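Trainee: Just one file: my_file_20.txt, with compact mmCIF, C-alpha atoms and all ligand atoms.
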# COMPACT_ATOMS: atom_id res chain seq x y z
CA MET A 19 0.00 0.00 0.00
CA ARG A 20 1.41 3.42 -1.00
CA ASP A 21 1.04 6.75 0.79
CA LEU A 22 -2.43 8.27 0.67
CA LEU A 23 -3.43 11.94 0.51
CA LEU A 24 -6.95 12.95 1.57
CA LEU A 25 -8.91 16.15 1.86
CA GLY A 26 -11.36 16.10 4.78
CA ILE A 27 -14.39 18.35 5.35
CA GLU A 28 -16.24 18.85 8.66
CA THR A 29 -19.51 20.80 9.03
CA THR A 30 -21.67 18.77 11.44
CA CYS A 31 -21.91 21.39 14.19
CA ASP A 32 -20.53 24.91 14.61
CA GLU A 33 -17.05 24.48 13.17
CA THR A 34 -16.42 24.89 9.44
CA ALA A 35 -13.26 22.88 8.87
CA ALA A 36 -11.11 21.36 6.15
CA ALA A 37 -7.75 19.62 6.26
CA VAL A 38 -5.27 17.61 4.23
CA VAL A 39 -3.72 14.51 5.76
CA ARG A 40 -1.12 12.03 4.55
CA ARG A 41 -1.37 8.37 5.62
CA ARG A 42 1.81 6.39 5.09
CA ALA A 43 1.96 2.74 4.09
CA ASP A 44 3.03 1.83 7.66
CA GLY A 45 -0.22 3.28 9.05
CA SER A 46 1.32 6.47 10.46
CA GLY A 47 -0.05 9.86 9.52
CA THR A 48 0.84 13.54 9.15
CA ILE A 49 -1.41 16.59 9.10
CA LEU A 50 -0.41 18.79 6.16
CA SER A 51 -3.00 21.48 6.88
CA ASN A 52 -5.89 21.90 9.30
CA ILE A 53 -8.11 24.96 8.95
CA VAL A 54 -10.91 25.45 11.49
CA LEU A 55 -13.25 28.41 11.41
CA SER A 56 -15.30 28.45 14.59
CA GLN A 57 -18.77 29.99 14.62
CA THR A 58 -18.77 30.30 18.43
CA ALA A 59 -19.14 34.09 18.26
CA ASP A 60 -22.21 33.79 15.96
CA HIS A 61 -24.00 31.53 18.45
CA ALA A 62 -22.80 33.05 21.74
CA PRO A 63 -25.66 35.60 22.00
CA TYR A 64 -28.14 32.67 21.98
CA GLY A 65 -26.28 30.57 24.58
CA GLY A 66 -26.02 27.59 22.25
CA VAL A 67 -25.74 26.50 18.63
CA VAL A 68 -28.63 27.73 16.43
CA PRO A 69 -28.94 25.20 13.54
CA GLU A 70 -30.17 27.69 10.93
CA ILE A 71 -27.37 30.15 11.70
CA ALA A 72 -24.86 27.28 11.58
CA SER A 73 -25.83 25.99 8.13
CA ARG A 74 -25.87 29.49 6.63
CA ALA A 75 -22.43 30.22 8.07
CA HIS A 76 -21.08 26.93 6.65
CA VAL A 77 -22.37 27.87 3.18
CA GLU A 78 -20.75 31.28 3.41
CA VAL A 79 -17.25 30.18 4.36
CA LEU A 80 -16.72 26.54 3.37
CA ASP A 81 -15.28 27.26 -0.11
CA ARG A 82 -12.66 29.56 1.35
CA VAL A 83 -11.82 27.18 4.19
CA ILE A 84 -11.23 24.35 1.69
CA GLU A 85 -9.16 26.62 -0.54
CA ARG A 86 -6.97 27.62 2.42
CA ALA A 87 -6.57 24.00 3.52
CA LEU A 88 -5.43 23.03 0.02
CA ARG A 89 -3.12 26.01 -0.39
CA SER A 90 -1.37 25.67 2.95
CA SER A 91 -0.94 21.89 2.51
CA GLY A 92 0.98 22.34 -0.73
CA VAL A 93 -1.03 19.44 -2.20
CA LYS A 94 -3.04 19.96 -5.38
CA LEU A 95 -6.53 18.59 -5.80
CA VAL A 96 -5.35 16.32 -8.64
CA GLU A 97 -2.89 14.67 -6.24
CA MET A 98 -5.60 13.63 -3.74
CA ASP A 99 -6.49 9.96 -3.48
CA ALA A 100 -9.97 10.70 -2.18
CA ILE A 101 -12.27 13.37 -0.74
CA ALA A 102 -13.69 12.69 2.73
CA ALA A 103 -16.57 14.49 4.42
CA ALA A 104 -18.50 14.00 7.64
CA ALA A 105 -21.87 12.61 6.53
CA GLY A 106 -23.32 12.75 10.07
CA PRO A 107 -24.35 12.54 12.80
CA GLY A 108 -25.03 16.23 13.40
CA LEU A 109 -27.16 19.22 12.53
CA ILE A 110 -28.60 18.16 9.19
CA GLY A 111 -28.31 21.55 7.45
CA GLY A 112 -24.59 21.70 8.11
CA VAL A 113 -24.04 18.05 7.18
CA ILE A 114 -25.76 18.65 3.82
CA VAL A 115 -23.49 21.63 3.11
CA GLY A 116 -20.26 19.70 3.77
CA LEU A 117 -21.26 16.44 2.14
CA THR A 118 -22.70 18.09 -0.98
CA THR A 119 -19.55 20.19 -1.38
CA ALA A 120 -17.40 17.05 -1.06
CA LYS A 121 -19.56 15.27 -3.66
CA ALA A 122 -19.18 18.20 -6.08
CA ILE A 123 -15.38 18.22 -5.65
CA ALA A 124 -15.19 14.42 -5.99
CA LEU A 125 -17.28 14.53 -9.17
CA ALA A 126 -15.43 17.45 -10.75
CA ALA A 127 -11.95 16.14 -9.85
CA ARG A 128 -12.89 12.49 -10.56
CA LYS A 129 -11.89 11.35 -7.09
CA PRO A 130 -13.48 8.71 -4.86
CA LEU A 131 -15.71 9.95 -2.03
CA VAL A 132 -15.47 8.67 1.54
CA ALA A 133 -18.50 9.46 3.73
CA VAL A 134 -17.22 9.53 7.30
CA ASN A 135 -19.15 9.06 10.52
CA HIS A 136 -18.17 12.04 12.70
CA LEU A 137 -18.02 9.80 15.80
CA GLU A 138 -15.78 7.32 14.02
CA ALA A 139 -13.48 10.23 13.17
CA HIS A 140 -13.25 11.19 16.87
CA ALA A 141 -12.59 7.52 17.65
CA LEU A 142 -9.71 7.14 15.20
CA THR A 143 -7.92 10.46 15.82
CA ALA A 144 -5.63 8.96 18.46
CA ARG A 145 -4.24 6.63 15.79
CA LEU A 146 -3.12 9.69 13.85
CA THR A 147 -1.57 11.53 16.80
CA ASP A 148 -0.49 8.65 18.99
CA ALA A 149 -0.31 5.50 16.81
CA VAL A 150 -2.68 3.71 19.21
CA PRO A 151 -3.14 0.07 18.15
CA PHE A 152 -6.46 -1.82 18.35
CA PRO A 153 -8.18 -2.66 20.61
CA PHE A 154 -8.64 0.46 22.72
CA LEU A 155 -11.29 1.98 24.96
CA LEU A 156 -12.74 5.22 23.65
CA LEU A 157 -14.33 7.78 25.94
CA LEU A 158 -16.08 10.28 23.70
CA VAL A 159 -17.29 13.31 25.66
CA SER A 160 -18.51 16.29 23.69
CA GLY A 161 -21.45 18.69 23.59
CA GLY A 162 -23.59 16.14 21.78
CA HIS A 163 -22.14 12.76 22.76
CA THR A 164 -21.13 10.79 25.83
CA GLN A 165 -20.09 7.25 24.99
CA LEU A 166 -17.76 4.49 26.06
CA VAL A 167 -16.82 2.32 23.09
CA ALA A 168 -14.52 -0.69 22.69
CA VAL A 169 -12.76 -0.10 19.35
CA THR A 170 -11.37 -3.31 17.87
CA GLY A 171 -10.76 -2.14 14.29
CA VAL A 172 -11.77 0.40 11.65
CA GLY A 173 -15.54 0.03 11.49
CA GLU A 174 -15.59 -2.24 14.56
CA TYR A 175 -17.19 -0.31 17.40
CA HIS A 176 -18.75 -2.02 20.39
CA LYS A 177 -20.75 0.44 22.45
CA LEU A 178 -20.34 -0.34 26.14
CA GLY A 179 -22.28 2.59 27.55
CA GLY A 180 -23.85 5.94 26.77
CA THR A 181 -25.86 8.69 28.36
CA MET A 182 -29.47 8.22 29.32
CA ASP A 183 -30.15 11.97 29.12
CA ASP A 184 -27.69 14.88 28.69
CA ALA A 185 -24.20 14.70 27.20
CA ILE A 186 -21.43 15.77 29.59
CA GLY A 187 -20.46 18.82 27.50
CA GLU A 188 -24.14 19.75 27.45
CA ALA A 189 -24.23 19.49 31.27
CA PHE A 190 -21.23 21.87 31.43
CA ASP A 191 -22.96 24.26 29.01
CA LYS A 192 -26.31 24.18 30.86
CA THR A 193 -24.62 24.62 34.25
CA ALA A 194 -22.71 27.62 32.90
CA LYS A 195 -25.87 29.18 31.50
CA MET A 196 -27.72 28.62 34.77
CA LEU A 197 -24.92 30.37 36.69
CA GLY A 198 -24.66 33.29 34.28
CA LEU A 199 -21.32 32.22 32.78
CA PRO A 200 -20.58 32.72 29.07
CA TYR A 201 -20.99 30.20 26.24
CA PRO A 202 -19.34 27.75 25.59
CA GLY A 203 -19.76 26.68 29.17
CA GLY A 204 -17.04 24.07 29.58
CA PRO A 205 -14.02 26.37 29.64
CA ALA A 206 -15.92 28.97 31.73
CA VAL A 207 -16.90 26.38 34.36
CA GLU A 208 -13.34 25.02 34.44
CA ARG A 209 -11.92 28.51 35.03
CA ALA A 210 -14.43 29.30 37.80
CA ALA A 211 -13.83 25.89 39.41
CA LEU A 212 -10.14 26.74 39.86
CA ARG A 213 -11.18 29.43 42.37
CA GLY A 214 -13.90 27.38 44.05
CA ASP A 215 -14.34 24.92 46.91
CA ALA A 216 -15.41 21.53 45.52
CA SER A 217 -16.48 20.26 48.95
CA ARG A 218 -19.01 23.03 49.65
CA PHE A 219 -21.99 21.39 47.91
CA ALA A 220 -22.82 17.69 48.18
CA LEU A 221 -23.97 16.86 44.64
CA PRO A 222 -25.15 13.44 43.42
CA ARG A 223 -23.05 10.99 41.36
CA PRO A 224 -25.82 9.23 39.38
CA LEU A 225 -25.30 5.52 38.47
CA HIS A 226 -22.18 5.32 40.65
CA GLY A 227 -21.11 1.68 41.00
CA LYS A 228 -23.63 0.35 38.45
CA PRO A 229 -22.27 -2.63 36.45
CA VAL A 230 -23.07 -1.16 33.00
CA PRO A 231 -20.96 1.93 32.13
CA ASP A 232 -23.87 4.25 31.33
CA PHE A 233 -24.20 7.90 32.32
CA SER A 234 -27.04 10.05 33.61
CA LEU A 235 -26.48 13.77 34.06
CA SER A 236 -29.90 15.35 34.48
CA GLY A 237 -30.08 14.66 38.24
CA LEU A 238 -26.75 16.40 38.74
CA LYS A 239 -27.86 19.37 36.67
CA THR A 240 -31.08 19.65 38.70
CA ALA A 241 -29.14 19.42 41.97
CA VAL A 242 -26.92 22.34 40.90
CA ARG A 243 -30.02 24.36 40.04
CA LEU A 244 -31.68 23.64 43.38
CA GLU A 245 -28.53 24.61 45.32
CA ALA A 246 -28.25 27.81 43.28
CA LEU A 247 -31.91 28.68 44.01
CA ARG A 248 -31.48 27.85 47.69
CA ILE A 249 -28.57 30.28 48.20
CA ALA A 250 -29.62 32.97 45.67
CA PRO A 251 -28.64 35.73 45.06
CA LEU A 252 -25.27 34.26 44.08
CA THR A 253 -21.96 35.93 44.81
CA ASP A 254 -18.93 35.28 42.55
CA GLN A 255 -17.61 32.93 45.23
CA ASP A 256 -20.92 31.00 45.28
CA VAL A 257 -20.63 30.53 41.50
CA ASN A 258 -17.02 29.39 41.81
CA ASP A 259 -17.95 26.91 44.55
CA LEU A 260 -20.90 25.56 42.56
CA CYS A 261 -18.65 25.11 39.50
CA ALA A 262 -15.96 23.37 41.55
CA SER A 263 -18.54 21.06 43.15
CA PHE A 264 -20.15 20.32 39.77
CA GLN A 265 -16.81 19.60 38.11
CA GLY A 266 -15.80 17.44 41.09
CA ALA A 267 -18.94 15.37 40.59
CA ILE A 268 -18.26 15.03 36.84
CA VAL A 269 -14.70 13.90 37.52
CA ASP A 270 -15.92 11.26 40.01
CA ILE A 271 -18.60 10.06 37.60
CA LEU A 272 -16.12 9.75 34.74
CA ALA A 273 -13.59 7.88 36.87
CA ASP A 274 -16.20 5.39 38.09
CA ARG A 275 -17.79 4.81 34.66
CA VAL A 276 -14.43 4.38 32.90
CA ARG A 277 -13.24 1.91 35.56
CA CYS A 278 -16.44 0.00 34.91
CA ALA A 279 -15.87 0.02 31.11
CA LEU A 280 -12.27 -1.20 31.51
CA ARG A 281 -13.61 -4.04 33.64
CA VAL A 282 -16.26 -4.92 31.03
CA MET A 283 -13.61 -4.99 28.28
CA ARG A 284 -11.40 -7.33 30.30
CA GLU A 285 -14.38 -9.58 31.05
CA ARG A 286 -14.98 -9.82 27.29
CA GLY A 287 -11.36 -10.87 26.74
CA MET A 288 -10.15 -7.54 25.30
CA LYS A 289 -6.96 -5.93 26.58
CA PRO A 290 -7.09 -2.22 25.72
CA SER A 291 -3.82 -0.73 24.46
CA ALA A 292 -4.99 2.67 25.70
CA LEU A 293 -7.85 4.71 27.07
CA VAL A 294 -8.49 7.27 24.34
CA LEU A 295 -10.13 10.53 25.37
CA ALA A 296 -11.89 12.45 22.60
CA GLY A 297 -14.36 15.32 22.28
CA GLY A 298 -14.36 18.86 23.61
CA VAL A 299 -14.62 17.89 27.31
CA GLY A 300 -11.22 16.20 26.82
CA ALA A 301 -9.75 19.71 26.96
CA ASN A 302 -10.62 19.86 30.70
CA GLN A 303 -7.48 19.49 32.84
CA ALA A 304 -9.26 17.98 35.88
CA VAL A 305 -10.84 15.36 33.61
CA ARG A 306 -7.47 14.55 32.04
CA ARG A 307 -5.79 14.24 35.44
CA VAL A 308 -8.28 11.74 36.83
CA LEU A 309 -8.41 9.64 33.66
CA HIS A 310 -4.63 9.48 33.58
CA LYS A 311 -4.78 7.83 36.99
CA VAL A 312 -7.74 5.57 36.15
CA ALA A 313 -5.93 4.32 33.02
CA ALA A 314 -2.70 3.65 34.91
CA ASP A 315 -4.58 1.85 37.71
CA GLY A 316 -6.31 -0.24 35.04
CA GLY A 317 -2.98 -1.36 33.54
CA THR A 318 -3.21 0.84 30.46
CA ARG A 319 -2.39 4.43 29.51
CA LEU A 320 -4.32 7.56 28.65
CA ALA A 321 -3.99 8.80 25.07
CA VAL A 322 -5.40 12.25 24.42
CA PRO A 323 -5.08 14.02 21.10
CA PRO A 324 -3.94 17.66 21.47
CA PRO A 325 -6.84 20.02 22.37
CA GLU A 326 -7.25 21.32 18.80
CA LEU A 327 -7.83 17.73 17.62
CA CYS A 328 -10.16 16.86 20.53
CA THR A 329 -12.66 19.47 19.34
CA ASP A 330 -14.21 19.25 15.87
CA ASN A 331 -11.76 19.63 12.99
CA GLY A 332 -11.14 18.53 9.41
CA ALA A 333 -7.98 16.49 10.08
CA MET A 334 -9.96 13.86 11.98
CA ILE A 335 -12.34 13.50 9.02
CA ALA A 336 -9.49 13.27 6.50
CA TRP A 337 -7.72 10.72 8.71
CA ALA A 338 -10.80 8.53 9.23
CA GLY A 339 -11.36 8.78 5.49
CA ALA A 340 -7.79 7.61 4.89
CA GLU A 341 -8.19 4.68 7.30
CA ARG A 342 -11.34 3.62 5.46
CA PHE A 343 -9.87 4.22 2.00
CA ALA A 344 -6.82 2.10 2.92
CA LEU A 345 -9.26 -0.78 3.47
CA GLY A 346 -10.91 -0.18 0.09
CA LEU A 347 -13.97 1.49 1.60
CA THR A 348 -15.42 4.31 -0.51
CA ASP A 349 -18.95 5.64 -1.02
CA ASP A 350 -21.28 6.24 -3.89
CA LEU A 351 -22.15 9.86 -4.77
CA ALA A 352 -25.74 8.96 -3.84
CA VAL A 353 -24.80 8.53 -0.15
CA SER A 354 -27.22 10.44 2.10
CA PRO A 355 -26.43 12.88 4.90
CA ARG A 356 -27.59 11.59 8.28
CA ALA A 357 -28.71 13.59 11.32
CA ARG A 358 -28.54 10.42 13.42
CA TRP A 359 -25.90 7.78 12.81
CA PRO A 360 -24.85 5.67 15.78
CA LEU A 361 -21.42 4.09 15.69
O1 LIG X 401 -16.29 18.12 20.53
P1 LIG X 401 -16.83 19.51 20.65
O2 LIG X 401 -15.96 20.65 20.21
O3 LIG X 401 -18.15 19.69 19.83
C1 LIG X 401 -19.17 18.76 19.82
O4 LIG X 401 -20.02 18.87 20.73
O5 LIG X 401 -19.15 17.89 18.92
O6 LIG X 401 -17.26 19.70 22.17
C2 LIG X 401 -17.83 20.89 22.66
C3 LIG X 401 -18.22 20.66 24.11
C4 LIG X 401 -19.01 21.81 24.69
O7 LIG X 401 -20.11 21.30 25.39
C5 LIG X 401 -18.00 22.48 25.62
O8 LIG X 401 -18.61 23.14 26.71
C6 LIG X 401 -17.16 21.32 26.07
O9 LIG X 401 -17.03 20.50 24.91
N1 LIG X 401 -15.84 21.75 26.54
C7 LIG X 401 -15.42 21.61 27.81
C8 LIG X 401 -14.15 22.24 27.87
N2 LIG X 401 -13.86 22.75 26.64
C9 LIG X 401 -14.91 22.44 25.84
N3 LIG X 401 -15.98 21.02 28.87
C10 LIG X 401 -15.29 21.04 30.02
N4 LIG X 401 -14.10 21.64 30.18
C11 LIG X 401 -13.49 22.26 29.15
N5 LIG X 401 -12.31 22.85 29.30
ZN ZN X 402 -17.46 16.26 17.60
Could you write out this structure as structure tokens?

Mentor:
Amino acid sequence: MRDLLLLGIETTCDETAAAVVRRRADGSGTILSNIVLSQTADHAPYGGVVPEIASRAHVEVLDRVIERALRSSGVKLVEMDAIAAAAGPGLIGGVIVGLTTAKAIALAARKPLVAVNHLEAHALTARLTDAVPFPFLLLLVSGGHTQLVAVTGVGEYHKLGGTMDDAIGEAFDKTAKMLGLPYPGGPAVERAALRGDASRFALPRPLHGKPVPDFSLSGLKTAVRLEALRIAPLTDQDVNDLCASFQGAIVDILADRVRCALRVMRERGMKPSALVLAGGVGANQAVRRVLHKVAADGGTRLAVPPPELCTDNGAMIAWAGAERFALGLTDDLAVSPRARWPL
């Protein structure tokens, strides 16, 4: 197998992104360009992503983002082996914009198309940055997803657990909103937590100790709201303490659920080469610290892509496309965009 060059396009949420990646015959990879245009500022006034604003913004900037990704990679379109795009899951308007653009490029340049599952791309990123071999345990924690998945190969995903209500990033965002902190909530809560007392509020750790590694966040979110109402009006220190207590609960929940998932993998005869952390919540330092320890205690190691590859980007789509293309997997131009697409 020779080296592969892929263009990847990502538009499933509020990042318009394109990248060029090289995958070598030995399975290693290099990012040649990675352009991400975040729409955070467009959505901030609404306290969350507005789908209609997102798809319009993707339409407006995607051409230029792709052009920049190509130019700064030094690779010409004719040299590409294939064009990859996230075909879901995500906000359908945005997915249509990215996938249709990829189809048009593939058709015009006579290149194969690879329709990538956005979650699969998160799952495989650690193989680009960290050469993680199969099998591994994936913890995907973003604004839209909270999943523990045993990954045994490209296209081989065994879901061990997921959330019964909110995603963890969503819980961070809702907590921030409730406490008057800016959007996106995760980084704001993390900053406030640094100045807070995590032991001040006794918050619940739902599903703690349960034998299936599922998550439930809504009870925690409600508990934060009730404490905030009880002590209102809130001082800055109250907000910091609530954030620290909330983040402390999240860290405990993650540690317990990941321990459980590692146990389940071992029971099923799989020895994970790593615990891979992916998704925006992976940028949180307290989360990283605890998972580092949980992985080591479980006889494995924590692999975390750098923060800019934990959040949505084009390189992860190009890379997942390259991993699929290397196995001979391509898609017809008739492939449909999908709002929902479980791993
Ligand atoms: O993966 P991502 O960029 O987008 C998707 O949701 O797909 O993740 C964004 C989520 C948001 O909910 C954001 O609040 C959260 O990740 N996040 C964080 C941190 N940075 C981003 N959560 C906790 N701590 C952080 N430092
Ligand atoms: Zn994502």

Trainee: Could you list, with a cut-off of 9 Å and counting all atoms listed in the file, the residues of chain A near ligand ZN 402 (chain X), each shown with its nearest atom pair and the distance in Å rounded to one decimal, rows sorted by chain and ascending number, as CSV?

Mentor:
residue,atom,partner,partner_atom,distance
A:Thr30,CA,X:ZN402,ZN,7.9
A:Cys31,CA,X:ZN402,ZN,7.6
A:Gly108,CA,X:ZN402,ZN,8.7
A:His136,CA,X:ZN402,ZN,6.5
A:Leu137,CA,X:ZN402,ZN,6.7
A:Ala139,CA,X:ZN402,ZN,8.5
A:His140,CA,X:ZN402,ZN,6.6
A:Leu158,CA,X:ZN402,ZN,8.7
A:Val159,CA,X:ZN402,ZN,8.6
A:Ser160,CA,X:ZN402,ZN,6.2
A:Gly161,CA,X:ZN402,ZN,7.6
A:Gly162,CA,X:ZN402,ZN,7.4
A:His163,CA,X:ZN402,ZN,7.8
A:Ala296,CA,X:ZN402,ZN,8.4
A:Gly297,CA,X:ZN402,ZN,5.7
A:Gly298,CA,X:ZN402,ZN,7.2
A:Cys328,CA,X:ZN402,ZN,7.9
A:Thr329,CA,X:ZN402,ZN,6.0
A:Asp330,CA,X:ZN402,ZN,4.7
A:Asn331,CA,X:ZN402,ZN,8.1

Trainee: Hey, what's within 8 Å of Asp215 of chain A if we count all atoms listed in the file and toss same-chain stuff fewer than 2 positions away? As a list in words, please?

Mentor: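 The neighbour list is Ala211, Arg213, Ser217, Arg218, Asn258, Asp259, Leu260, Ala262 and Ser263 of chain A.
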
Trainee: Which of these residues is nearest to Gly26 of chain A, using only C-alpha atoms: A:Trp337, A:Phe190, A:Trp359, A:Phe154?

Mentor: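 Using only C-alpha atoms, the shortest distance to Gly26 of chain A belongs to A:Trp337.
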
Trainee: What's the 12 Å shell around Tyr201 of chain A, counting all atoms listed in the file, without same-chain residues fewer than 2 positions away, as a ChimeraX atom specification?

Mentor: /A:57-67,161,187-188,190-199,203-207

Trainee: Those same residues - C-alpha atoms - I'd like them written as a CSV table (one decimal), in the frame of the given file.

Mentor:
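This is the output file again.csv:
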chain,number,residue,atom,x,y,z
A,57,GLN,CA,-18.8,30.0,14.6
A,58,THR,CA,-18.8,30.3,18.4
A,59,ALA,CA,-19.1,34.1,18.3
A,60,ASP,CA,-22.2,33.8,16.0
A,61,HIS,CA,-24.0,31.5,18.4
A,62,ALA,CA,-22.8,33.0,21.7
A,63,PRO,CA,-25.7,35.6,22.0
A,64,TYR,CA,-28.1,32.7,22.0
A,65,GLY,CA,-26.3,30.6,24.6
A,66,GLY,CA,-26.0,27.6,22.2
A,67,VAL,CA,-25.7,26.5,18.6
A,161,GLY,CA,-21.4,18.7,23.6
A,187,GLY,CA,-20.5,18.8,27.5
A,188,GLU,CA,-24.1,19.8,27.4
A,190,PHE,CA,-21.2,21.9,31.4
A,191,ASP,CA,-23.0,24.3,29.0
A,192,LYS,CA,-26.3,24.2,30.9
A,193,THR,CA,-24.6,24.6,34.2
A,194,ALA,CA,-22.7,27.6,32.9
A,195,LYS,CA,-25.9,29.2,31.5
A,196,MET,CA,-27.7,28.6,34.8
A,197,LEU,CA,-24.9,30.4,36.7
A,198,GLY,CA,-24.7,33.3,34.3
A,199,LEU,CA,-21.3,32.2,32.8
A,203,GLY,CA,-19.8,26.7,29.2
A,204,GLY,CA,-17.0,24.1,29.6
A,205,PRO,CA,-14.0,26.4,29.6
A,206,ALA,CA,-15.9,29.0,31.7
A,207,VAL,CA,-16.9,26.4,34.4

Trainee: In terms of the shortest atom-to-atom distance over all atoms listed in the file, which of A:Val83, A:Val230, A:Leu327, A:Val353 is closest to ligand LIG 401 (chain X)?

Mentor: A:Leu327

Trainee: Using all atoms listed in the file, can you tell me which of A:Leu280, A:Leu212, A:Ala273, A:Ala120 comes closest to ligand LIG 401 (chain X)?

Mentor: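 Closest candidate: A:Leu212.
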
Trainee: Hey, can you check how far atom CA of Asn135 of chain A sits from atom CA of Ala104 of chain A?

Mentor: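 Separation between atom CA of Asn135 of chain A and atom CA of Ala104 of chain A: 5.8 Å.
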
Trainee: Between atom CA of Thr29 of chain A and atom CA of Leu50 of chain A, what distance in Å does the model show, to one decimal?

Mentor: 19.4 Å

Trainee: Would you please work out which residue, of A:Arg82, A:Arg286, A:Lys121, A:Arg41, is nearest to Asp350 of chain A when using only C-alpha atoms?

Mentor: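 Distance minimum relative to Asp350 of chain A lands on A:Lys121.
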
Trainee: Excluding Asp184 of chain A and its own-chain neighbours fewer than 3 positions away, which residues fall within 7 Å of it when counting all atoms listed in the file? Please give them as an mmCIF file with C-alpha atoms, in the coordinates of the input.

Mentor:
data_model
loop_
_atom_site.group_PDB
_atom_site.id
_atom_site.type_symbol
_atom_site.label_atom_id
_atom_site.label_comp_id
_atom_site.auth_asym_id
_atom_site.auth_seq_id
_atom_site.Cartn_x
_atom_site.Cartn_y
_atom_site.Cartn_z
ATOM 1 C CA THR A 181 -25.860 8.690 28.360
ATOM 2 C CA GLU A 188 -24.140 19.750 27.450
ATOM 3 C CA ALA A 189 -24.230 19.490 31.270
ATOM 4 C CA SER A 234 -27.040 10.050 33.610
ATOM 5 C CA LEU A 235 -26.480 13.770 34.060
ATOM 6 C CA SER A 236 -29.900 15.350 34.480
#

Trainee: Take atom CA of Gln303 of chain A and atom CA of Val169 of chain A and report the distance between them in Å, one decimal.

Mentor: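 If I compute the distance from atom CA of Gln303 of chain A to atom CA of Val169 of chain A, I get 24.4 Å.
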
Trainee: Write out as a ChimeraX atom specification the residues lying within 12 Å of Asp148 of chain A, counting all atoms listed in the file and excluding same-chain residues fewer than 6 positions away.

Mentor: /A:45-48,142,291-295,319-324,327

Trainee: For ligand LIG 401 (chain X), which of A:Leu347, A:Ala246, A:Leu80, A:Ala185 is the closest residue, counting all atoms listed in the file?

Mentor: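 Nearest to ligand LIG 401 (chain X): A:Ala185.
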
Trainee: With distances taken over only C-alpha atoms, which of A:Val115, A:Leu109, A:Leu24, A:Val134 is nearest to Leu95 of chain A?

Mentor: A:Leu24

Trainee: Save segment 46-91 of chain A to disk from that block, C-alpha atoms included, as an mmCIF file, in the first residue's frame.

Mentor:
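Result saved to result-v9.cif:
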data_model
loop_
_atom_site.group_PDB
_atom_site.id
_atom_site.type_symbol
_atom_site.label_atom_id
_atom_site.label_comp_id
_atom_site.auth_asym_id
_atom_site.auth_seq_id
_atom_site.Cartn_x
_atom_site.Cartn_y
_atom_site.Cartn_z
ATOM 1 C CA SER A 46 1.317 6.468 10.456
ATOM 2 C CA GLY A 47 -0.051 9.856 9.515
ATOM 3 C CA THR A 48 0.838 13.538 9.146
ATOM 4 C CA ILE A 49 -1.412 16.585 9.097
ATOM 5 C CA LEU A 50 -0.410 18.793 6.161
ATOM 6 C CA SER A 51 -3.001 21.483 6.878
ATOM 7 C CA ASN A 52 -5.891 21.905 9.304
ATOM 8 C CA ILE A 53 -8.114 24.961 8.954
ATOM 9 C CA VAL A 54 -10.912 25.446 11.487
ATOM 10 C CA LEU A 55 -13.249 28.410 11.406
ATOM 11 C CA SER A 56 -15.299 28.454 14.591
ATOM 12 C CA GLN A 57 -18.770 29.994 14.625
ATOM 13 C CA THR A 58 -18.772 30.299 18.435
ATOM 14 C CA ALA A 59 -19.141 34.090 18.262
ATOM 15 C CA ASP A 60 -22.212 33.795 15.958
ATOM 16 C CA HIS A 61 -23.996 31.525 18.446
ATOM 17 C CA ALA A 62 -22.800 33.050 21.738
ATOM 18 C CA PRO A 63 -25.664 35.601 21.995
ATOM 19 C CA TYR A 64 -28.139 32.667 21.981
ATOM 20 C CA GLY A 65 -26.278 30.575 24.579
ATOM 21 C CA GLY A 66 -26.017 27.586 22.252
ATOM 22 C CA VAL A 67 -25.743 26.502 18.630
ATOM 23 C CA VAL A 68 -28.630 27.725 16.427
ATOM 24 C CA PRO A 69 -28.935 25.201 13.537
ATOM 25 C CA GLU A 70 -30.167 27.687 10.927
ATOM 26 C CA ILE A 71 -27.367 30.154 11.697
ATOM 27 C CA ALA A 72 -24.855 27.276 11.585
ATOM 28 C CA SER A 73 -25.828 25.988 8.133
ATOM 29 C CA ARG A 74 -25.868 29.490 6.628
ATOM 30 C CA ALA A 75 -22.432 30.218 8.075
ATOM 31 C CA HIS A 76 -21.079 26.926 6.648
ATOM 32 C CA VAL A 77 -22.374 27.875 3.182
ATOM 33 C CA GLU A 78 -20.749 31.283 3.414
ATOM 34 C CA VAL A 79 -17.248 30.183 4.363
ATOM 35 C CA LEU A 80 -16.724 26.540 3.371
ATOM 36 C CA ASP A 81 -15.282 27.256 -0.113
ATOM 37 C CA ARG A 82 -12.656 29.563 1.350
ATOM 38 C CA VAL A 83 -11.819 27.181 4.189
ATOM 39 C CA ILE A 84 -11.229 24.352 1.690
ATOM 40 C CA GLU A 85 -9.162 26.620 -0.536
ATOM 41 C CA ARG A 86 -6.971 27.620 2.423
ATOM 42 C CA ALA A 87 -6.573 23.997 3.523
ATOM 43 C CA LEU A 88 -5.433 23.029 0.018
ATOM 44 C CA ARG A 89 -3.120 26.006 -0.394
ATOM 45 C CA SER A 90 -1.371 25.672 2.951
ATOM 46 C CA SER A 91 -0.942 21.890 2.512
#
